[in-house]
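Engineer: File follows, coords-v1.cif with mmCIF, C-alpha atoms:
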data_target
loop_
_atom_site.group_PDB
_atom_site.id
_atom_site.type_symbol
_atom_site.label_atom_id
_atom_site.label_comp_id
_atom_site.auth_asym_id
_atom_site.auth_seq_id
_atom_site.Cartn_x
_atom_site.Cartn_y
_atom_site.Cartn_z
ATOM 1 C CA MET A 934 15.548 40.309 -6.804
ATOM 2 C CA SER A 935 14.169 36.854 -6.039
ATOM 3 C CA LYS A 936 16.131 34.027 -7.606
ATOM 4 C CA LEU A 937 13.104 32.024 -8.747
ATOM 5 C CA LYS A 938 10.244 34.503 -9.066
ATOM 6 C CA GLY A 939 7.454 33.251 -11.315
ATOM 7 C CA LYS A 940 8.390 29.566 -11.081
ATOM 8 C CA VAL A 941 6.025 26.805 -9.971
ATOM 9 C CA ALA A 942 7.107 23.920 -7.712
ATOM 10 C CA LEU A 943 5.573 20.695 -6.461
ATOM 11 C CA VAL A 944 6.949 19.441 -3.143
ATOM 12 C CA THR A 945 5.876 16.067 -1.749
ATOM 13 C CA GLY A 946 5.720 15.399 1.990
ATOM 14 C CA ALA A 947 5.471 19.126 2.685
ATOM 15 C CA GLY A 948 3.286 18.947 5.788
ATOM 16 C CA GLN A 949 6.271 19.047 8.135
ATOM 17 C CA GLY A 950 10.020 18.727 8.417
ATOM 18 C CA VAL A 951 12.339 18.948 5.433
ATOM 19 C CA GLY A 952 9.560 19.114 2.839
ATOM 20 C CA GLN A 953 7.929 21.984 4.659
ATOM 21 C CA GLY A 954 11.252 23.790 5.041
ATOM 22 C CA ILE A 955 11.947 23.455 1.312
ATOM 23 C CA ALA A 956 8.458 24.721 0.469
ATOM 24 C CA PHE A 957 8.922 27.758 2.739
ATOM 25 C CA ALA A 958 12.307 28.606 1.217
ATOM 26 C CA LEU A 959 11.068 28.270 -2.366
ATOM 27 C CA ALA A 960 8.014 30.423 -1.651
ATOM 28 C CA GLN A 961 10.249 33.109 -0.158
ATOM 29 C CA GLU A 962 11.946 33.367 -3.563
ATOM 30 C CA GLY A 963 8.677 33.970 -5.389
ATOM 31 C CA VAL A 964 7.846 30.367 -6.298
ATOM 32 C CA ALA A 965 4.197 29.301 -6.320
ATOM 33 C CA VAL A 966 4.311 26.012 -4.422
ATOM 34 C CA ALA A 967 1.995 23.004 -4.539
ATOM 35 C CA VAL A 968 2.485 21.317 -1.164
ATOM 36 C CA THR A 969 1.365 17.708 -1.005
ATOM 37 C CA GLY A 970 0.993 15.128 1.747
ATOM 38 C CA ARG A 971 -1.123 12.245 2.985
ATOM 39 C CA THR A 972 -2.725 14.402 5.684
ATOM 40 C CA LEU A 973 -4.526 17.329 4.095
ATOM 41 C CA SER A 974 -4.721 19.332 7.324
ATOM 42 C CA LYS A 975 -0.920 19.365 7.617
ATOM 43 C CA VAL A 976 -0.287 20.658 4.104
ATOM 44 C CA GLU A 977 -3.095 23.166 4.530
ATOM 45 C CA LYS A 978 -1.173 24.598 7.497
ATOM 46 C CA THR A 979 1.989 24.761 5.392
ATOM 47 C CA ALA A 980 0.102 26.526 2.598
ATOM 48 C CA ALA A 981 -1.524 28.936 5.055
ATOM 49 C CA GLU A 982 1.867 29.876 6.492
ATOM 50 C CA ILE A 983 3.230 30.511 2.992
ATOM 51 C CA VAL A 984 0.280 32.777 2.218
ATOM 52 C CA LYS A 985 0.732 34.541 5.566
ATOM 53 C CA ARG A 986 4.312 35.289 4.573
ATOM 54 C CA GLY A 987 3.114 36.792 1.296
ATOM 55 C CA GLY A 988 3.598 33.788 -0.973
ATOM 56 C CA LYS A 989 1.360 31.619 -3.103
ATOM 57 C CA ALA A 990 0.594 27.982 -2.286
ATOM 58 C CA LEU A 991 -1.758 25.151 -3.148
ATOM 59 C CA ALA A 992 -2.444 22.357 -0.651
ATOM 60 C CA LEU A 993 -3.073 18.930 -2.167
ATOM 61 C CA GLU A 994 -3.797 15.626 -0.485
ATOM 62 C CA CYS A 995 -1.577 12.991 -2.070
ATOM 63 C CA ASP A 996 -0.624 9.413 -1.279
ATOM 64 C CA VAL A 997 2.682 8.936 -3.095
ATOM 65 C CA LYS A 998 2.176 5.164 -3.109
ATOM 66 C CA ASP A 999 -0.897 5.624 -5.331
ATOM 67 C CA ALA A 1000 -0.152 6.294 -9.019
ATOM 68 C CA ALA A 1001 -3.538 7.942 -9.615
ATOM 69 C CA SER A 1002 -2.982 10.290 -6.662
ATOM 70 C CA LEU A 1003 0.378 11.345 -8.079
ATOM 71 C CA GLN A 1004 -1.176 12.032 -11.469
ATOM 72 C CA ARG A 1005 -3.906 14.162 -9.909
ATOM 73 C CA SER A 1006 -1.310 16.170 -8.007
ATOM 74 C CA VAL A 1007 0.611 17.011 -11.159
ATOM 75 C CA GLU A 1008 -2.567 17.823 -13.078
ATOM 76 C CA GLN A 1009 -3.912 20.085 -10.319
ATOM 77 C CA THR A 1010 -0.564 21.842 -9.915
ATOM 78 C CA VAL A 1011 -0.383 22.645 -13.611
ATOM 79 C CA LYS A 1012 -4.048 23.624 -13.840
ATOM 80 C CA GLN A 1013 -4.226 25.832 -10.748
ATOM 81 C CA LEU A 1014 -0.714 27.292 -10.653
ATOM 82 C CA GLY A 1015 -0.112 27.563 -14.383
ATOM 83 C CA GLY A 1016 2.721 25.111 -14.982
ATOM 84 C CA LEU A 1017 5.519 23.200 -13.308
ATOM 85 C CA ASN A 1018 9.219 24.125 -13.202
ATOM 86 C CA ILE A 1019 10.534 22.459 -10.043
ATOM 87 C CA LEU A 1020 9.813 18.987 -8.664
ATOM 88 C CA VAL A 1021 10.969 18.013 -5.173
ATOM 89 C CA ASN A 1022 10.557 14.330 -4.298
ATOM 90 C CA ASN A 1023 10.739 14.392 -0.513
ATOM 91 C CA ALA A 1024 8.003 12.086 0.839
ATOM 92 C CA GLN A 1025 9.293 8.763 2.157
ATOM 93 C CA GLU A 1026 8.163 6.099 4.587
ATOM 94 C CA VAL A 1027 11.195 5.122 6.658
ATOM 95 C CA PRO A 1028 11.819 1.377 7.133
ATOM 96 C CA LEU A 1029 14.304 1.179 10.002
ATOM 97 C CA GLY A 1030 15.549 -1.777 11.989
ATOM 98 C CA PRO A 1031 17.846 -4.786 11.608
ATOM 99 C CA LEU A 1032 17.407 -6.882 8.480
ATOM 100 C CA LEU A 1033 15.802 -9.674 10.498
ATOM 101 C CA GLY A 1034 13.390 -7.182 12.024
ATOM 102 C CA VAL A 1035 12.106 -5.417 8.900
ATOM 103 C CA SER A 1036 9.054 -7.059 7.360
ATOM 104 C CA ASP A 1037 8.343 -7.484 3.666
ATOM 105 C CA GLU A 1038 5.544 -4.971 4.160
ATOM 106 C CA GLY A 1039 7.943 -2.437 5.640
ATOM 107 C CA PHE A 1040 10.376 -2.879 2.757
ATOM 108 C CA THR A 1041 7.548 -2.614 0.223
ATOM 109 C CA ASN A 1042 6.218 0.569 1.826
ATOM 110 C CA GLY A 1043 9.694 2.088 1.717
ATOM 111 C CA TRP A 1044 10.088 1.106 -1.925
ATOM 112 C CA GLU A 1045 6.670 2.318 -3.056
ATOM 113 C CA SER A 1046 6.840 5.647 -1.207
ATOM 114 C CA GLY A 1047 10.459 6.292 -2.209
ATOM 115 C CA PRO A 1048 12.005 5.132 -5.481
ATOM 116 C CA LEU A 1049 8.781 4.003 -7.153
ATOM 117 C CA ALA A 1050 6.987 7.260 -6.306
ATOM 118 C CA THR A 1051 10.042 9.232 -7.438
ATOM 119 C CA PHE A 1052 10.153 7.291 -10.717
ATOM 120 C CA ARG A 1053 6.455 7.831 -11.363
ATOM 121 C CA LEU A 1054 6.422 11.507 -10.455
ATOM 122 C CA MET A 1055 9.483 12.322 -12.530
ATOM 123 C CA LYS A 1056 7.854 10.743 -15.584
ATOM 124 C CA LEU A 1057 4.521 12.480 -14.970
ATOM 125 C CA SER A 1058 6.289 15.828 -14.586
ATOM 126 C CA HIS A 1059 8.686 15.464 -17.515
ATOM 127 C CA PRO A 1060 6.523 17.083 -20.219
ATOM 128 C CA HIS A 1061 5.916 20.110 -18.004
ATOM 129 C CA LEU A 1062 9.551 20.465 -16.930
ATOM 130 C CA GLU A 1063 10.986 20.413 -20.452
ATOM 131 C CA GLY A 1064 12.948 23.513 -21.401
ATOM 132 C CA ASP A 1065 13.698 24.916 -17.952
ATOM 133 C CA GLY A 1066 13.022 22.267 -15.337
ATOM 134 C CA CYS A 1067 14.735 21.188 -12.162
ATOM 135 C CA ILE A 1068 14.239 17.983 -10.173
ATOM 136 C CA ILE A 1069 15.503 17.584 -6.625
ATOM 137 C CA ASN A 1070 15.303 14.069 -5.200
ATOM 138 C CA LEU A 1071 16.001 13.337 -1.562
ATOM 139 C CA ALA A 1072 18.443 10.557 -0.745
ATOM 140 C CA SER A 1073 20.141 9.995 2.614
ATOM 141 C CA PRO A 1074 23.586 10.023 4.227
ATOM 142 C CA ALA A 1075 22.479 6.803 5.960
ATOM 143 C CA ALA A 1076 23.840 4.877 2.982
ATOM 144 C CA MET A 1077 27.278 6.388 3.630
ATOM 145 C CA ARG A 1078 27.512 5.246 7.250
ATOM 146 C CA TRP A 1079 30.416 2.901 7.988
ATOM 147 C CA ASP A 1080 28.051 0.911 10.211
ATOM 148 C CA ALA A 1081 24.808 0.250 8.306
ATOM 149 C CA SER A 1082 23.218 -1.669 11.179
ATOM 150 C CA ASN A 1083 19.494 -0.870 11.450
ATOM 151 C CA TYR A 1084 19.669 1.362 8.359
ATOM 152 C CA GLY A 1085 20.097 -1.249 5.620
ATOM 153 C CA VAL A 1086 16.616 -1.237 4.102
ATOM 154 C CA TYR A 1087 16.240 2.541 4.390
ATOM 155 C CA ALA A 1088 19.642 3.027 2.767
ATOM 156 C CA ALA A 1089 18.700 0.585 0.004
ATOM 157 C CA VAL A 1090 15.599 2.496 -1.078
ATOM 158 C CA LYS A 1091 17.444 5.813 -0.845
ATOM 159 C CA GLU A 1092 20.302 4.479 -2.976
ATOM 160 C CA ALA A 1093 17.744 3.447 -5.597
ATOM 161 C CA ILE A 1094 16.606 7.074 -5.689
ATOM 162 C CA ARG A 1095 20.191 8.185 -6.301
ATOM 163 C CA SER A 1096 20.424 5.781 -9.254
ATOM 164 C CA LEU A 1097 17.194 7.112 -10.752
ATOM 165 C CA THR A 1098 18.509 10.640 -10.259
ATOM 166 C CA ARG A 1099 21.667 9.909 -12.205
ATOM 167 C CA ALA A 1100 19.713 8.232 -15.017
ATOM 168 C CA ALA A 1101 17.303 11.164 -15.361
ATOM 169 C CA ALA A 1102 20.221 13.603 -15.342
ATOM 170 C CA CYS A 1103 21.874 11.752 -18.224
ATOM 171 C CA GLU A 1104 18.739 11.128 -20.265
ATOM 172 C CA TRP A 1105 16.851 14.395 -19.768
ATOM 173 C CA ALA A 1106 19.568 17.052 -19.812
ATOM 174 C CA LYS A 1107 18.985 17.375 -23.558
ATOM 175 C CA ASP A 1108 15.361 18.220 -22.738
ATOM 176 C CA GLY A 1109 16.427 21.149 -20.580
ATOM 177 C CA ILE A 1110 15.883 19.354 -17.271
ATOM 178 C CA ARG A 1111 18.495 19.191 -14.509
ATOM 179 C CA THR A 1112 18.226 16.430 -11.911
ATOM 180 C CA ASN A 1113 20.153 16.262 -8.643
ATOM 181 C CA ALA A 1114 19.885 14.509 -5.296
ATOM 182 C CA ILE A 1115 20.498 15.973 -1.871
ATOM 183 C CA LEU A 1116 21.349 13.964 1.229
ATOM 184 C CA PRO A 1117 20.220 16.096 4.151
ATOM 185 C CA LEU A 1118 20.750 15.877 7.876
ATOM 186 C CA ALA A 1119 17.940 17.976 9.297
ATOM 187 C CA ASN A 1120 16.138 18.775 12.513
ATOM 188 C CA SER A 1121 12.917 17.106 11.379
ATOM 189 C CA PRO A 1122 10.136 16.051 13.791
ATOM 190 C CA GLY A 1123 11.622 12.555 13.787
ATOM 191 C CA MET A 1124 15.061 13.879 14.675
ATOM 192 C CA GLU A 1125 13.598 16.099 17.401
ATOM 193 C CA TRP A 1126 11.793 13.103 18.900
ATOM 194 C CA TRP A 1127 14.915 10.942 18.810
ATOM 195 C CA THR A 1128 17.033 13.689 20.389
ATOM 196 C CA ARG A 1129 14.484 14.155 23.146
ATOM 197 C CA GLU A 1130 13.962 10.446 23.859
ATOM 198 C CA HIS A 1131 17.604 9.349 23.498
ATOM 199 C CA PRO A 1132 19.692 12.357 24.551
ATOM 200 C CA GLN A 1133 22.959 10.511 25.148
ATOM 201 C CA GLU A 1134 22.839 8.615 21.851
ATOM 202 C CA ALA A 1135 21.835 11.807 20.036
ATOM 203 C CA ALA A 1136 24.699 13.763 21.595
ATOM 204 C CA ALA A 1137 27.170 11.092 20.485
ATOM 205 C CA PHE A 1138 25.721 11.205 16.970
ATOM 206 C CA ILE A 1139 25.870 15.004 16.714
ATOM 207 C CA ALA A 1140 29.485 14.847 17.864
ATOM 208 C CA THR A 1141 30.269 13.035 14.591
ATOM 209 C CA VAL A 1142 29.097 16.070 12.595
ATOM 210 C CA PRO A 1143 32.081 18.369 11.955
ATOM 211 C CA MET A 1144 29.888 21.455 12.358
ATOM 212 C CA GLN A 1145 28.533 20.024 15.643
ATOM 213 C CA ARG A 1146 24.879 20.633 14.858
ATOM 214 C CA VAL A 1147 21.940 19.280 12.894
ATOM 215 C CA GLY A 1148 20.735 21.384 9.973
ATOM 216 C CA GLU A 1149 17.583 23.499 10.061
ATOM 217 C CA CYS A 1150 14.867 22.415 7.644
ATOM 218 C CA GLU A 1151 14.301 25.836 6.098
ATOM 219 C CA ALA A 1152 17.431 27.875 6.790
ATOM 220 C CA ASP A 1153 19.917 25.151 5.824
ATOM 221 C CA ILE A 1154 18.206 22.548 3.648
ATOM 222 C CA GLY A 1155 15.552 24.759 2.057
ATOM 223 C CA ARG A 1156 17.932 27.581 1.224
ATOM 224 C CA PHE A 1157 20.353 25.156 -0.419
ATOM 225 C CA VAL A 1158 17.541 23.797 -2.590
ATOM 226 C CA VAL A 1159 16.748 27.369 -3.666
ATOM 227 C CA SER A 1160 20.345 27.811 -4.820
ATOM 228 C CA LEU A 1161 20.405 24.438 -6.554
ATOM 229 C CA CYS A 1162 17.244 25.298 -8.507
ATOM 230 C CA SER A 1163 18.502 28.732 -9.543
ATOM 231 C CA ASP A 1164 20.662 29.812 -12.473
ATOM 232 C CA ASP A 1165 23.563 30.052 -10.034
ATOM 233 C CA CYS A 1166 23.733 26.247 -10.366
ATOM 234 C CA ARG A 1167 22.671 25.944 -14.000
ATOM 235 C CA TYR A 1168 25.629 23.632 -14.789
ATOM 236 C CA ILE A 1169 25.046 21.281 -11.854
ATOM 237 C CA ASN A 1170 23.413 18.051 -12.989
ATOM 238 C CA GLY A 1171 23.418 14.416 -11.904
ATOM 239 C CA GLN A 1172 25.051 15.092 -8.547
ATOM 240 C CA SER A 1173 24.478 13.666 -5.078
ATOM 241 C CA ILE A 1174 25.192 16.426 -2.586
ATOM 242 C CA ALA A 1175 25.330 15.845 1.159
ATOM 243 C CA VAL A 1176 23.782 18.765 3.045
ATOM 244 C CA ASP A 1177 24.845 17.493 6.427
ATOM 245 C CA GLY A 1178 27.527 19.695 7.964
ATOM 246 C CA GLY A 1179 30.294 17.482 6.571
ATOM 247 C CA GLN A 1180 29.331 14.182 8.187
ATOM 248 C CA ALA A 1181 29.036 11.983 5.101
ATOM 249 C CA TYR A 1182 31.931 11.502 2.729
ATOM 250 C CA LEU A 1183 30.894 10.945 -0.880
ATOM 251 C CA GLY A 1184 34.049 9.531 -2.378
#
How does the structure come out when it is put into C-alpha cells?
Structural biologist:
Amino acid sequence: MSKLKGKVALVTGAGQGVGQGIAFALAQEGVAVAVTGRTLSKVEKTAAEIVKRGGKALALECDVKDAASLQRSVEQTVKQLGGLNILVNNAQEVPLGPLLGVSDEGFTNGWESGPLATFRLMKLSHPHLEGDGCIINLASPAAMRWDASNYGVYAAVKEAIRSLTRAAACEWAKDGIRTNAILPLANSPGMEWWTREHPQEAAAFIATVPMQRVGECEADIGRFVVSLCSDDCRYINGQSIAVDGGQAYLG
C-alpha cells in the first residue's frame, strides 16, 4: 500500500533536478503533486511524466521571488487538487563565488529565492497544512564544509532556511505540522555539468564522499523525502538531515 496515497503536495523548482526527483517519488506513492517553476514548459514536462507513470500532477508557473506568484500557486494547488498536505521548498538561485566576487544583486537573489520565499510559502501554506501537514525545506551541506571558500553566500542563505525550519518546527508542532530540512548531495543538472567540465576536480570531490558516489535525485533524495513525510517518521520534527552519503558531519 502506498505510504502517502490521497495526499497533496506542492514542490517548488520541480522542472528538473532534485525538485523533479522529489515530485516523481511523491507521485509514485499516490500523492497528487503541484509542480512549480519559473519555466512553465519544464514543469509541464515533469507533470506529463508523472501522468505517464499513472500519477496526478498540476503544472504551475511560479517565480518564488514574487509574493503574489507564491500566493497564486498555493491557491491553485488547493483549488485544483483539493487541499495541501506536503510543502517542499526546493527552488533556489545559487550565489557562488568568493565574497569579493558576489554582487549585492547576487546575494539578494539568493536571499529572495531561498529563505524569503521559504518564509512566505510556509506562512501561506500553514492554514492548509494544519492537522496533518509536513514541510520539507532544502538546505545544503555546503555550510558544513571545512573550507567555505566560494560557498559563503550560498551557505549563508541556506543556513537561514535551517533557522526558519527549526522555528516552524517549534511553533507549529502544536498545529499538527512537522517541519524538517534536508541537506542533499544530488546528481542535479548543475552537478552533471560540473562533473563533465571539471572531471579531475569532481573526482577529488566525490572521493570525499564515504559512499563514493553522488545521490540520485529520485531514487535517493526523493525516496527519503517520501519516508520523511510518512507516518514512519511521525515523531521526526525540527531536524536537519544530510542526505549526502555521509560527507557532511552535523555535530
Engineer: Within 9 Å of region 992-1003 of chain A, which residues of region 1049-1117 of chain A show up? Give each one with its shortest atom-to-atom distance in Å (one decimal) and the two atoms involved, counting all atoms listed in the file, rows by chain then rising residue number, as a tab-separated table.
Structural biologist:
residue	atom	partner	partner_atom	distance
A:Leu1049	CA	A:Lys998	CA	7.8
A:Ala1050	CA	A:Val997	CA	5.6
A:Thr1051	CA	A:Val997	CA	8.6
A:Arg1053	CA	A:Ala1000	CA	7.2
A:Leu1054	CA	A:Leu1003	CA	6.5
A:Leu1057	CA	A:Leu1003	CA	8.1
Engineer: Using all atoms listed in the file, which protein or nucleic acid residues come within 9 Å of region 1113-1118 of chain A? Drop anything in the same chain fewer than 2 positions from it, and give the result as number ranges by chain.
Structural biologist: A: 951, 1067-1075, 1094-1095, 1098-1099, 1101-1102, 1111, 1120-1121, 1147-1150, 1154, 1158, 1161, 1169-1178, 1180-1181
Engineer: Go ahead and write the selection's residues with C-alpha atoms as a JSON list (two decimals), keeping the file's coordinate frame.
Structural biologist:
[["chain", "number", "residue", "atom", "x", "y", "z"],
["A", 951, "VAL", "CA", 12.34, 18.95, 5.43],
["A", 1067, "CYS", "CA", 14.74, 21.19, -12.16],
["A", 1068, "ILE", "CA", 14.24, 17.98, -10.17],
["A", 1069, "ILE", "CA", 15.50, 17.58, -6.62],
["A", 1070, "ASN", "CA", 15.30, 14.07, -5.20],
["A", 1071, "LEU", "CA", 16.00, 13.34, -1.56],
["A", 1072, "ALA", "CA", 18.44, 10.56, -0.74],
["A", 1073, "SER", "CA", 20.14, 9.99, 2.61],
["A", 1074, "PRO", "CA", 23.59, 10.02, 4.23],
["A", 1075, "ALA", "CA", 22.48, 6.80, 5.96],
["A", 1094, "ILE", "CA", 16.61, 7.07, -5.69],
["A", 1095, "ARG", "CA", 20.19, 8.18, -6.30],
["A", 1098, "THR", "CA", 18.51, 10.64, -10.26],
["A", 1099, "ARG", "CA", 21.67, 9.91, -12.20],
["A", 1101, "ALA", "CA", 17.30, 11.16, -15.36],
["A", 1102, "ALA", "CA", 20.22, 13.60, -15.34],
["A", 1111, "ARG", "CA", 18.50, 19.19, -14.51],
["A", 1120, "ASN", "CA", 16.14, 18.77, 12.51],
["A", 1121, "SER", "CA", 12.92, 17.11, 11.38],
["A", 1147, "VAL", "CA", 21.94, 19.28, 12.89],
["A", 1148, "GLY", "CA", 20.74, 21.38, 9.97],
["A", 1149, "GLU", "CA", 17.58, 23.50, 10.06],
["A", 1150, "CYS", "CA", 14.87, 22.42, 7.64],
["A", 1154, "ILE", "CA", 18.21, 22.55, 3.65],
["A", 1158, "VAL", "CA", 17.54, 23.80, -2.59],
["A", 1161, "LEU", "CA", 20.40, 24.44, -6.55],
["A", 1169, "ILE", "CA", 25.05, 21.28, -11.85],
["A", 1170, "ASN", "CA", 23.41, 18.05, -12.99],
["A", 1171, "GLY", "CA", 23.42, 14.42, -11.90],
["A", 1172, "GLN", "CA", 25.05, 15.09, -8.55],
["A", 1173, "SER", "CA", 24.48, 13.67, -5.08],
["A", 1174, "ILE", "CA", 25.19, 16.43, -2.59],
["A", 1175, "ALA", "CA", 25.33, 15.84, 1.16],
["A", 1176, "VAL", "CA", 23.78, 18.76, 3.04],
["A", 1177, "ASP", "CA", 24.84, 17.49, 6.43],
["A", 1178, "GLY", "CA", 27.53, 19.70, 7.96],
["A", 1180, "GLN", "CA", 29.33, 14.18, 8.19],
["A", 1181, "ALA", "CA", 29.04, 11.98, 5.10]]
Engineer: Take CA of Thr945 (chain A) and CA of Val976 (chain A) and report the distance between them in Å, one decimal.
Structural biologist: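 CA of Thr945 (chain A) sits 9.7 Å away from CA of Val976 (chain A).
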Engineer: Taking all atoms listed in the file into account, which of A:Lys1091, A:Arg1129, A:Arg1167, A:Arg1156 comes nearest Asn1022 (chain A)?
Structural biologist: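 Closest to Asn1022 (chain A) of all the choices is A:Lys1091.
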Engineer: With only C-alpha atoms as the basis for distance, which of A:Leu991, A:Ala947, A:Leu1017, A:Val1142 is at the shortest distance from Asp1065 (chain A)?
Structural biologist: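 Closest residue, counting only C-alpha atoms: A:Leu1017.
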Engineer: Considering only C-alpha atoms, can you say which of A:Ala967, A:Val944, A:Ala958, A:Val1035 comes closest to Ser1160 (chain A)?
Structural biologist: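 Once distances to Ser1160 (chain A) are computed over only C-alpha atoms, the minimum belongs to A:Ala958.
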Engineer: When distances are computed from only C-alpha atoms, which of A:Gly1064, A:Pro1143, A:Gly954, A:Pro1031 shows the smallest separation from Phe1157 (chain A)?
Structural biologist: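 Smallest distance to Phe1157 (chain A) is found for A:Gly954.
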Engineer: Could you tell me which residues the PyMOL selection byres ((chain A and resi 989) around 12) grabs in this file, written as a VMD selection string?
Structural biologist: chain A and resid 938 to 942 956 to 957 959 to 968 979 to 988 990 to 992 1013 to 1014
Engineer: For each of A:Gly1179, A:Pro1048, A:Gly1109, A:Gly946, take the minimum atom-to-atom distance to Gly970 (chain A), counting all atoms listed in the file, then give the residue where this is smallest.
Structural biologist: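 Using all atoms listed in the file, Gly970 (chain A) sits closest to A:Gly946.
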Engineer: Go ahead and compute the interatomic distance for CA of Phe1138 (chain A) and CA of Gln1025 (chain A), in Å to one decimal.
Structural biologist: 22.3 Å
Engineer: Rounded to one decimal, what separation in Å do you get between CA of Leu1020 (chain A) and CA of Gln953 (chain A)?
Structural biologist: 13.8 Å
Engineer: Can you work out which one of A:Gly950, A:Ala1100, A:Leu943, A:Ile1019 has the shortest atom-to-atom distance to Pro1122 (chain A), counting all atoms listed in the file?
Structural biologist: A:Gly950
